[in-house]
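Text of run-v8.cif, listed as mmCIF, C-alpha atoms:
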```cif
data_model
#
loop_
_atom_site.label_atom_id
_atom_site.label_comp_id
_atom_site.auth_asym_id
_atom_site.auth_seq_id
_atom_site.Cartn_x
_atom_site.Cartn_y
_atom_site.Cartn_z
CA MET X 1 8.28 -2.02 10.05
CA THR X 2 9.29 -1.58 6.43
CA ASP X 3 12.67 -1.24 4.79
CA THR X 4 12.18 2.49 4.69
CA ASP X 5 10.95 2.87 8.25
CA PRO X 6 13.53 5.04 10.02
CA GLN X 7 12.65 3.58 13.38
CA VAL X 8 14.20 0.33 14.54
CA ALA X 9 11.37 -1.22 16.48
CA ASP X 10 12.89 -4.50 17.63
CA ASP X 11 15.45 -5.07 20.34
CA GLY X 12 17.98 -6.99 18.25
CA PRO X 13 21.43 -5.80 17.24
CA VAL X 14 21.46 -2.48 15.43
CA ARG X 15 22.60 -3.20 11.87
CA PHE X 16 21.43 -0.17 9.97
CA MET X 17 21.31 3.52 10.67
CA PRO X 18 18.78 5.89 9.11
CA GLN X 19 20.41 9.14 8.12
CA LEU X 20 18.32 12.01 6.83
CA ILE X 21 20.21 14.32 4.52
CA SER X 22 18.40 17.58 3.85
CA LEU X 23 19.03 20.79 2.01
CA ASP X 24 17.07 24.01 2.50
CA TYR X 25 16.80 26.27 -0.52
CA THR X 26 15.92 29.93 -0.56
CA VAL X 27 14.76 31.07 -3.97
CA ARG X 28 14.36 34.72 -4.88
CA THR X 29 11.10 35.24 -6.77
CA ASN X 30 11.32 37.16 -10.01
CA PRO X 31 8.71 39.88 -10.71
CA VAL X 32 6.93 37.95 -13.45
CA ALA X 33 6.54 34.87 -11.24
CA ALA X 34 5.42 37.04 -8.34
CA ALA X 35 2.65 38.67 -10.41
CA PHE X 36 1.58 35.23 -11.67
CA GLY X 37 1.45 33.97 -8.07
CA GLU X 38 -0.64 36.94 -6.93
CA ALA X 39 -3.14 36.28 -9.70
CA LEU X 40 -3.29 32.58 -8.74
CA ALA X 41 -4.03 33.59 -5.16
CA ASP X 42 -6.95 35.57 -6.60
CA GLY X 43 -8.15 32.55 -8.54
CA ARG X 44 -6.93 33.67 -11.96
CA ILE X 45 -4.49 31.93 -14.29
CA THR X 46 -2.54 34.45 -16.33
CA GLY X 47 -0.15 34.30 -19.24
CA HIS X 48 1.80 36.61 -21.49
CA ARG X 49 0.87 37.04 -25.14
CA CYS X 50 3.92 37.69 -27.28
CA PRO X 51 3.35 41.05 -29.05
CA SER X 52 5.20 39.69 -32.08
CA CYS X 53 3.95 36.12 -32.71
CA SER X 54 0.79 36.26 -30.51
CA LEU X 55 1.53 32.96 -28.80
CA VAL X 56 0.32 32.86 -25.19
CA PHE X 57 2.71 31.36 -22.62
CA VAL X 58 1.44 30.02 -19.30
CA PRO X 59 2.99 30.52 -16.82
CA PRO X 60 4.41 33.74 -18.26
CA LYS X 61 8.16 33.74 -18.70
CA GLY X 62 8.73 37.47 -19.21
CA PHE X 63 9.97 36.75 -22.70
CA CYS X 64 8.95 34.94 -25.85
CA PRO X 65 11.39 32.07 -26.37
CA ILE X 66 10.60 31.97 -30.10
CA CYS X 67 10.87 35.67 -30.92
CA THR X 68 13.43 36.27 -28.12
CA ILE X 69 11.78 39.50 -27.07
CA GLU X 70 10.71 40.66 -23.63
CA THR X 71 7.08 40.39 -22.55
CA THR X 72 5.70 42.48 -19.68
CA SER X 73 2.59 42.96 -17.60
CA ALA X 74 1.25 44.93 -20.57
CA ASP X 75 1.09 41.61 -22.43
CA GLU X 76 -0.80 39.84 -19.66
CA VAL X 77 -3.92 37.88 -20.55
CA VAL X 78 -6.25 35.82 -18.36
CA ILE X 79 -6.54 32.14 -19.28
CA GLU X 80 -9.51 29.93 -18.58
CA ASP X 81 -9.21 27.45 -15.73
CA ARG X 82 -10.46 24.81 -18.16
CA GLY X 83 -8.75 22.86 -20.89
CA MET X 84 -7.97 19.53 -22.51
CA VAL X 85 -5.71 16.69 -21.56
CA THR X 86 -2.93 16.23 -24.10
CA ALA X 87 -0.80 13.58 -22.38
CA TRP X 88 -0.62 11.89 -18.99
CA THR X 89 1.30 9.47 -16.84
CA VAL X 90 -0.11 7.03 -14.29
CA LEU X 91 2.14 6.88 -11.25
CA THR X 92 2.38 3.98 -8.83
CA PRO X 93 3.76 5.47 -5.63
CA ILE X 94 6.72 3.67 -4.11
CA GLN X 95 6.54 4.07 -0.34
CA TYR X 96 9.85 5.87 0.16
CA HIS X 97 10.46 8.22 3.07
CA GLY X 98 8.16 11.22 2.84
CA GLN X 99 5.81 9.66 0.26
CA GLN X 100 2.30 11.01 0.77
CA GLU X 101 0.60 9.05 -2.01
CA ARG X 102 -0.85 5.60 -1.40
CA LYS X 103 -2.75 4.70 -4.57
CA ASP X 104 -2.06 4.96 -8.30
CA TYR X 105 -2.82 8.40 -9.67
CA ALA X 106 -2.44 10.36 -12.89
CA LEU X 107 -0.56 13.52 -13.74
CA ALA X 108 -1.47 15.18 -17.01
CA SER X 109 -0.35 17.90 -19.36
CA ILE X 110 -3.28 20.22 -19.96
CA LEU X 111 -3.73 22.70 -22.79
CA LEU X 112 -5.80 25.47 -21.21
CA VAL X 113 -8.35 27.35 -23.28
CA GLY X 114 -6.63 30.56 -24.35
CA ALA X 115 -3.08 29.23 -24.00
CA ASP X 116 -0.65 28.00 -26.65
CA GLY X 117 1.37 25.72 -24.39
CA THR X 118 0.49 23.05 -21.90
CA VAL X 119 0.91 23.12 -18.14
CA GLY X 120 2.41 19.86 -16.96
CA GLN X 121 2.31 17.67 -13.86
CA GLN X 122 -1.38 18.38 -13.20
CA ARG X 123 -3.25 16.02 -10.91
CA LEU X 124 -6.43 14.48 -12.33
CA ILE X 125 -9.21 14.05 -9.77
CA ASP X 126 -12.15 11.63 -9.79
CA ILE X 127 -11.36 10.35 -13.27
CA PRO X 128 -10.92 6.56 -13.61
CA LEU X 129 -7.37 5.93 -14.77
CA ASP X 130 -8.54 3.86 -17.75
CA GLU X 131 -10.83 6.64 -18.95
CA ILE X 132 -8.12 9.24 -19.40
CA ARG X 133 -7.60 10.15 -23.04
CA PRO X 134 -6.28 12.96 -25.21
CA GLY X 135 -8.89 15.68 -25.67
CA LEU X 136 -10.62 14.96 -22.35
CA MET X 137 -12.00 18.28 -21.12
CA VAL X 138 -11.18 19.17 -17.52
CA GLU X 139 -11.61 22.13 -15.20
CA ALA X 140 -9.66 23.32 -12.19
CA VAL X 141 -10.53 22.39 -8.63
CA TRP X 142 -9.08 25.39 -6.81
CA ALA X 143 -7.45 25.06 -3.44
CA ALA X 144 -8.82 27.16 -0.58
CA PRO X 145 -7.54 30.77 -0.99
CA GLU X 146 -5.22 30.51 2.02
CA ASP X 147 -3.60 27.39 0.54
CA ARG X 148 -2.74 28.91 -2.84
CA VAL X 149 1.03 29.15 -2.77
CA ALA X 150 2.73 29.77 -6.09
CA ASP X 151 5.99 28.14 -7.05
CA ASP X 152 8.57 30.83 -6.34
CA ARG X 153 10.49 29.96 -9.48
CA GLY X 154 7.48 30.61 -11.69
CA TYR X 155 7.09 26.99 -12.77
CA GLY X 156 3.69 25.31 -12.84
CA LEU X 157 0.74 26.32 -10.71
CA GLY X 158 2.18 25.71 -7.25
CA THR X 159 -0.48 24.61 -4.79
CA ALA X 160 -3.17 26.94 -6.16
CA ILE X 161 -5.06 24.11 -7.82
CA ASP X 162 -5.75 20.79 -6.09
CA GLY X 163 -6.34 19.09 -9.40
CA TRP X 164 -8.58 18.84 -12.42
CA LYS X 165 -11.90 17.08 -12.84
CA ALA X 166 -13.81 16.16 -15.99
CA THR X 167 -16.26 18.81 -17.20
CA GLY X 168 -18.53 16.35 -19.02
CA GLU X 169 -18.20 18.29 -22.27
CA PRO X 170 -17.54 16.41 -25.52
CA ASP X 171 -13.85 15.70 -26.09
CA ALA X 172 -11.89 18.32 -27.97
CA PRO X 173 -11.12 17.32 -31.58
CA ALA X 174 -7.62 16.07 -32.28
CA SER X 175 -6.91 19.15 -34.39
CA GLU X 176 -6.95 21.22 -31.21
CA TYR X 177 -4.29 19.27 -29.34
CA GLU X 178 -2.32 17.17 -31.83
CA GLY X 179 0.46 19.74 -31.94
CA HIS X 180 0.91 19.32 -28.18
CA THR X 181 1.13 15.56 -27.79
CA LEU X 182 4.40 13.80 -27.28
CA MET Q 1 14.73 18.60 -0.20
CA GLU Q 2 15.27 15.51 1.97
CA LEU Q 3 16.88 12.15 1.26
CA LEU Q 4 16.77 9.30 3.74
CA TYR Q 5 19.80 7.04 3.60
CA ARG Q 6 19.89 3.64 5.26
CA ARG Q 7 23.48 2.89 6.12
CA SER Q 8 24.78 -0.54 7.05
CA LEU Q 9 26.91 -0.30 10.16
CA GLY Q 10 29.09 -3.36 10.41
CA PRO Q 11 29.92 -5.28 13.60
CA VAL Q 12 31.72 -2.52 15.49
CA VAL Q 13 29.62 0.59 14.92
CA GLY Q 14 26.51 -1.61 15.07
CA ALA Q 15 27.55 -2.85 18.51
CA PHE Q 16 28.29 0.73 19.60
CA LEU Q 17 24.79 1.90 18.64
CA THR Q 18 23.17 -1.22 20.11
CA ALA Q 19 24.89 -0.43 23.40
CA LEU Q 20 23.75 3.21 23.27
CA ARG Q 21 20.19 1.95 23.28
CA GLU Q 22 21.04 0.26 26.58
CA GLN Q 23 22.71 3.42 27.93
CA ARG Q 24 26.16 1.91 27.66
CA LEU Q 25 29.17 3.29 25.79
CA LEU Q 26 31.64 1.06 23.98
CA GLY Q 27 35.14 1.67 22.70
CA SER Q 28 37.46 -0.56 20.71
CA ARG Q 29 40.75 -1.64 22.33
CA THR Q 30 43.77 -1.94 20.08
CA ALA Q 31 46.63 -4.42 20.42
CA GLU Q 32 48.62 -1.69 22.18
CA GLY Q 33 45.82 -1.22 24.65
CA ARG Q 34 44.52 2.15 23.41
CA VAL Q 35 40.77 2.52 23.68
CA ILE Q 36 39.13 4.28 20.76
CA CYS Q 37 35.68 5.77 21.34
CA PRO Q 38 33.57 5.89 19.24
CA PRO Q 39 35.02 2.53 18.21
CA LEU Q 40 36.69 1.93 14.86
CA GLU Q 41 36.98 -1.38 13.05
CA TYR Q 42 40.67 -0.79 12.50
CA ASP Q 43 43.55 0.49 14.62
CA PRO Q 44 44.34 3.85 13.00
CA ASP Q 45 48.04 3.42 13.88
CA SER Q 46 48.64 -0.08 12.54
CA GLY Q 47 45.65 -0.80 10.29
CA ASP Q 48 45.04 -4.03 12.15
CA ALA Q 49 41.46 -5.13 12.61
CA VAL Q 50 40.04 -4.42 16.07
CA ASP Q 51 37.27 -6.52 17.50
CA ASP Q 52 37.83 -6.12 21.25
CA LEU Q 53 35.02 -3.90 22.47
CA VAL Q 54 35.18 -2.55 26.00
CA GLU Q 55 32.83 -0.37 28.00
CA VAL Q 56 33.90 3.17 28.80
CA GLY Q 57 32.42 5.70 31.21
CA SER Q 58 29.42 7.90 30.50
CA ALA Q 59 31.31 10.97 31.70
CA GLY Q 60 34.57 12.52 30.60
CA VAL Q 61 36.64 15.59 29.84
CA VAL Q 62 36.19 18.25 27.18
CA THR Q 63 39.33 18.33 25.02
CA GLY Q 64 38.16 20.96 22.56
CA TRP Q 65 35.01 22.83 21.64
CA SER Q 66 33.35 25.39 19.39
CA TRP Q 67 30.43 27.58 20.39
CA VAL Q 68 27.29 27.65 18.24
CA ALA Q 69 25.59 30.97 18.90
CA GLU Q 70 22.81 30.49 16.35
CA PRO Q 71 21.72 26.87 16.07
CA ARG Q 72 20.30 25.75 12.76
CA ALA Q 73 17.13 23.73 12.30
CA LYS Q 74 18.94 20.38 12.12
CA HIS Q 75 21.15 20.96 15.15
CA PRO Q 76 20.43 18.76 18.18
CA LEU Q 77 19.60 21.66 20.49
CA PRO Q 78 17.34 24.62 19.76
CA HIS Q 79 19.36 27.05 21.86
CA PRO Q 80 23.06 28.08 21.81
CA PHE Q 81 25.38 25.18 22.61
CA ALA Q 82 28.92 23.94 22.02
CA TRP Q 83 30.18 21.25 19.71
CA ALA Q 84 32.63 19.52 22.00
CA LEU Q 85 35.29 16.84 21.78
CA VAL Q 86 34.71 14.63 24.82
CA GLN Q 87 37.25 12.06 26.00
CA LEU Q 88 35.19 9.62 28.02
CA ASP Q 89 36.63 8.03 31.14
CA GLY Q 90 38.59 4.99 30.04
CA ALA Q 91 38.96 6.15 26.43
CA ASP Q 92 42.10 7.48 24.73
CA THR Q 93 40.34 9.38 21.97
CA SER Q 94 37.56 11.97 21.91
CA MET Q 95 34.11 11.93 20.36
CA VAL Q 96 32.25 14.89 18.95
CA HIS Q 97 28.84 15.71 20.34
CA ALA Q 98 26.73 18.65 21.46
CA LEU Q 99 27.37 20.10 24.90
CA ASP Q 100 24.47 21.87 26.54
CA ALA Q 101 26.42 24.22 28.77
CA GLY Q 102 23.95 27.07 29.01
CA SER Q 103 26.31 29.86 28.05
CA LEU Q 104 29.63 30.45 26.34
CA ASP Q 105 31.20 31.42 29.68
CA ALA Q 106 30.39 27.99 31.10
CA VAL Q 107 32.49 26.08 28.55
CA ARG Q 108 36.18 25.43 29.00
CA THR Q 109 38.64 22.80 27.85
CA GLY Q 110 39.22 20.37 30.68
CA MET Q 111 35.75 20.64 32.19
CA ARG Q 112 33.99 17.46 33.28
CA VAL Q 113 30.83 16.51 31.38
CA GLN Q 114 28.39 13.62 31.38
CA VAL Q 115 26.00 12.06 28.92
CA ARG Q 116 22.40 13.22 28.90
CA TRP Q 117 20.49 10.23 27.49
CA ALA Q 118 17.55 10.66 25.18
CA PRO Q 119 14.31 9.53 26.86
CA GLU Q 120 13.54 7.20 23.94
CA ARG Q 121 16.48 5.40 22.39
CA THR Q 122 16.49 3.71 18.99
CA GLY Q 123 20.11 2.65 18.46
CA HIS Q 124 21.28 5.92 16.91
CA ILE Q 125 23.92 8.46 17.89
CA THR Q 126 21.04 10.71 18.95
CA ASP Q 127 20.43 8.28 21.83
CA ILE Q 128 22.99 10.58 23.41
CA ALA Q 129 20.80 13.69 23.51
CA CYS Q 130 23.89 15.75 24.32
CA PHE Q 131 26.54 16.16 26.99
CA GLU Q 132 26.01 18.39 30.01
CA PRO Q 133 28.27 19.65 32.81
CA GLU Q 134 28.86 16.87 35.29
CA ALA Q 135 26.70 17.02 38.40
CA SER Q 136 28.92 17.99 41.30
#
```
Would you write the structure of this file as structure tokens?
Amino acid sequence: MTDTDPQVADDGPVRFMPQLISLDYTVRTNPVAAAFGEALADGRITGHRCPSCSLVFVPPKGFCPICTIETTSADEVVIEDRGMVTAWTVLTPIQYHGQQERKDYALASILLVGADGTVGQQRLIDIPLDEIRPGLMVEAVWAAPEDRVADDRGYGLGTAIDGWKATGEPDAPASEYEGHTL
Amino acid sequence: MELLYRRSLGPVVGAFLTALREQRLLGSRTAEGRVICPPLEYDPDSGDAVDDLVEVGSAGVVTGWSWVAEPRAKHPLPHPFAWALVQLDGADTSMVHALDAGSLDAVRTGMRVQVRWAPERTGHITDIACFEPEAS
């Protein structure tokens, strides 16, 4: 039994009570996020290229936040499922209620080839934690098609991609990612 | 989204839940002799501390109720039921719990009900699975 175990296994006096508080959200998907999710289900990562400044945003927002103009499906471009690590965090999972992780792992921001912004919170797979570095080239490990569920809010890549593994290519030069590091 | 809280119970509520695990129901008896169930640490009339715990019956009378036609996921029963105030035999106050009455027509204030115990009890209010009409 641990401090977070909701079950009281012994027969002594009951001193604590586990109480699970939960909230169910229903989020209405917007059309841009829905189209992005459909493409992910097909194994494609898409973005919108701003018709004014030409920057490519992944996931697409439906607008360019710099030029403050609308972008539409006419501005859609397909991005490679390959890119470079720009920054990362190693997480040590605390075993709170609902925690699925057991060992240290890394989440990275990845600048995909063809995109002008990073996608964050991406799981790195089969890469020793002390070998992660800026410029490390990685490629997507796609989830099985039936498991590819997009985030309804249009953030991130949902469950479409299990994680990213090293491609073995030479690291990208700093000039390609230095504008995207923290 | 889910958050698991771990609440400390204190001597009175802790004893109440410990007794539930043993299929017993406790109330707290005030200086005036009123029995409060579920027990409180303080007499709500005087504010005096109460530490005299007494056993009450596992059956009682419905003093008020509200029908739930469409139970939600977190409700204790998956089918329509009543939230009922039940004054257990020997108690002077009522406790809220689910009443599995079958249908709206079967619920009325004043009806006799009894505890249906959960098959596995852990020292939680859910050790009372629900109340049910008293076997005649």
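We find CA of Val32 (chain X) and CA of Ala140 (chain X) to be spaced 22.2 Å apart.
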Check: Quick one: of Q:Leu85, Q:Leu40, Q:Leu104, Q:Val13, who's nearest to Ala69 (chain Q), counting all atoms listed in the file?
Finding: Q:Leu104
Note to self: Taking all atoms listed in the file into account and nothing else, which residues of chain Q lie no more than 10 Å away from chain X? Please answer as a ChimeraX atom specification.
What the structure shows: /Q:1-22,73-74,121-125
Can you spit out the residues from that selection as a JSON list (two decimals), in the coordinates of the input, using C-alpha atoms?
```
[["chain", "number", "residue", "atom", "x", "y", "z"],
["Q", 1, "MET", "CA", 14.73, 18.60, -0.20],
["Q", 2, "GLU", "CA", 15.27, 15.51, 1.97],
["Q", 3, "LEU", "CA", 16.88, 12.15, 1.26],
["Q", 4, "LEU", "CA", 16.77, 9.30, 3.74],
["Q", 5, "TYR", "CA", 19.80, 7.04, 3.60],
["Q", 6, "ARG", "CA", 19.89, 3.64, 5.26],
["Q", 7, "ARG", "CA", 23.48, 2.89, 6.12],
["Q", 8, "SER", "CA", 24.78, -0.54, 7.05],
["Q", 9, "LEU", "CA", 26.91, -0.30, 10.16],
["Q", 10, "GLY", "CA", 29.09, -3.36, 10.41],
["Q", 11, "PRO", "CA", 29.92, -5.28, 13.60],
["Q", 12, "VAL", "CA", 31.72, -2.52, 15.49],
["Q", 13, "VAL", "CA", 29.62, 0.59, 14.92],
["Q", 14, "GLY", "CA", 26.51, -1.61, 15.07],
["Q", 15, "ALA", "CA", 27.55, -2.85, 18.51],
["Q", 16, "PHE", "CA", 28.29, 0.73, 19.60],
["Q", 17, "LEU", "CA", 24.79, 1.90, 18.64],
["Q", 18, "THR", "CA", 23.17, -1.22, 20.11],
["Q", 19, "ALA", "CA", 24.89, -0.43, 23.40],
["Q", 20, "LEU", "CA", 23.75, 3.21, 23.27],
["Q", 21, "ARG", "CA", 20.19, 1.95, 23.28],
["Q", 22, "GLU", "CA", 21.04, 0.26, 26.58],
["Q", 73, "ALA", "CA", 17.13, 23.73, 12.30],
["Q", 74, "LYS", "CA", 18.94, 20.38, 12.12],
["Q", 121, "ARG", "CA", 16.48, 5.40, 22.39],
["Q", 122, "THR", "CA", 16.49, 3.71, 18.99],
["Q", 123, "GLY", "CA", 20.11, 2.65, 18.46],
["Q", 124, "HIS", "CA", 21.28, 5.92, 16.91],
["Q", 125, "ILE", "CA", 23.92, 8.46, 17.89]]
```
Excluding Val50 (chain Q) and residues on its chain fewer than 3 positions from it, collect all residues at most 9 Å away from it, counting only C-alpha atoms, and give them as an mmCIF file with C-alpha atoms, in the frame of the given file.
```cif
data_model
loop_
_atom_site.group_PDB
_atom_site.id
_atom_site.type_symbol
_atom_site.label_atom_id
_atom_site.label_comp_id
_atom_site.auth_asym_id
_atom_site.auth_seq_id
_atom_site.Cartn_x
_atom_site.Cartn_y
_atom_site.Cartn_z
ATOM 1 C CA VAL Q 12 31.720 -2.520 15.490
ATOM 2 C CA SER Q 28 37.460 -0.560 20.710
ATOM 3 C CA ARG Q 29 40.750 -1.640 22.330
ATOM 4 C CA THR Q 30 43.770 -1.940 20.080
ATOM 5 C CA ALA Q 31 46.630 -4.420 20.420
ATOM 6 C CA PRO Q 39 35.020 2.530 18.210
ATOM 7 C CA LEU Q 40 36.690 1.930 14.860
ATOM 8 C CA GLU Q 41 36.980 -1.380 13.050
ATOM 9 C CA TYR Q 42 40.670 -0.790 12.500
ATOM 10 C CA ASP Q 43 43.550 0.490 14.620
ATOM 11 C CA GLY Q 47 45.650 -0.800 10.290
ATOM 12 C CA LEU Q 53 35.020 -3.900 22.470
#
```
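Selection result for the displayed file, with the PyMOL selection byres ((chain X and resi 110-115) around 7) as criterion, is Val56, Phe57, Val58, Ile79, Glu80, Asp81, Arg82, Gly83, Met84, Val85, Thr86, Ala108, Ser109, Asp116, Gly117, Thr118, Val119 and Gly120 of chain X.
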Give, as JSON, the centre coordinates and the x, y and z edge lengths in Å to one decimal for an axis-aligned box around all listed atoms of region 50-58 of chain X, padded by 8 Å on each side.
```
{"center_x": 2.8, "center_y": 35.5, "center_z": -26.0, "size_x": 20.9, "size_y": 27.0, "size_z": 29.4}
```
Notebook entry, point to check: Around (26.5, 14.1, 25.0) in the file's own coordinates, what residues are found within 10 Å if you use only C-alpha atoms, given back as a PyMOL selection string?
Noted result: chain Q and resi 58-60+83-86+95-100+113-118+125-133
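If you count all atoms listed in the file and ignore residues fewer than 2 places along the chain from region 28-31 of chain X, what sits within 10 Å of it is Tyr25, Thr26, Ala33, Ala34, Ala35, Phe36, Gly37, Lys61, Gly62, Thr72, Ser73, Asp151, Asp152, Arg153 and Gly154 of chain X.
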So which residues get picked by the PyMOL selection byres ((chain X and resi 134) around 9) here, written as a PDB file with C-alpha atoms, in the coordinates of the input?
```
ATOM      1  CA  MET X  84      -7.970  19.530 -22.510  1.00  0.00           C
ATOM      2  CA  VAL X  85      -5.710  16.690 -21.560  1.00  0.00           C
ATOM      3  CA  THR X  86      -2.930  16.230 -24.100  1.00  0.00           C
ATOM      4  CA  ALA X  87      -0.800  13.580 -22.380  1.00  0.00           C
ATOM      5  CA  TRP X  88      -0.620  11.890 -18.990  1.00  0.00           C
ATOM      6  CA  ILE X 132      -8.120   9.240 -19.400  1.00  0.00           C
ATOM      7  CA  ARG X 133      -7.600  10.150 -23.040  1.00  0.00           C
ATOM      8  CA  GLY X 135      -8.890  15.680 -25.670  1.00  0.00           C
ATOM      9  CA  LEU X 136     -10.620  14.960 -22.350  1.00  0.00           C
ATOM     10  CA  MET X 137     -12.000  18.280 -21.120  1.00  0.00           C
ATOM     11  CA  ASP X 171     -13.850  15.700 -26.090  1.00  0.00           C
ATOM     12  CA  ALA X 172     -11.890  18.320 -27.970  1.00  0.00           C
ATOM     13  CA  ALA X 174      -7.620  16.070 -32.280  1.00  0.00           C
ATOM     14  CA  TYR X 177      -4.290  19.270 -29.340  1.00  0.00           C
ATOM     15  CA  GLU X 178      -2.320  17.170 -31.830  1.00  0.00           C
ATOM     16  CA  THR X 181       1.130  15.560 -27.790  1.00  0.00           C
TER      17      THR X 181
END
```
Notebook entry, point to check: What is the distance, in Å and to one decimal place, between CA of Arg112 (chain Q) and CA of Gly33 (chain Q)?
Noted result: 23.7 Å
Do you know which residues the PyMOL selection byres ((chain Q and resi 90) around 8) returns on this file, as a PDB file with C-alpha atoms, keeping the file's coordinate frame?
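Result saved to result.pdb:
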```pdb
ATOM      1  CA  VAL Q  35      40.770   2.520  23.680  1.00  0.00           C
ATOM      2  CA  VAL Q  56      33.900   3.170  28.800  1.00  0.00           C
ATOM      3  CA  GLY Q  57      32.420   5.700  31.210  1.00  0.00           C
ATOM      4  CA  LEU Q  88      35.190   9.620  28.020  1.00  0.00           C
ATOM      5  CA  ASP Q  89      36.630   8.030  31.140  1.00  0.00           C
ATOM      6  CA  ALA Q  91      38.960   6.150  26.430  1.00  0.00           C
ATOM      7  CA  ASP Q  92      42.100   7.480  24.730  1.00  0.00           C
TER       8      ASP Q  92
END
```
Next item on the list: May I have the residues within 12 Å of Asp42 (chain X) as a count of residues only, using all atoms listed in the file and disregarding those fewer than 2 positions away in the same chain?
Entry: 21
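Straight-line separation from CA of Cys50 (chain X) to CA of Val138 (chain X): 25.8 Å.
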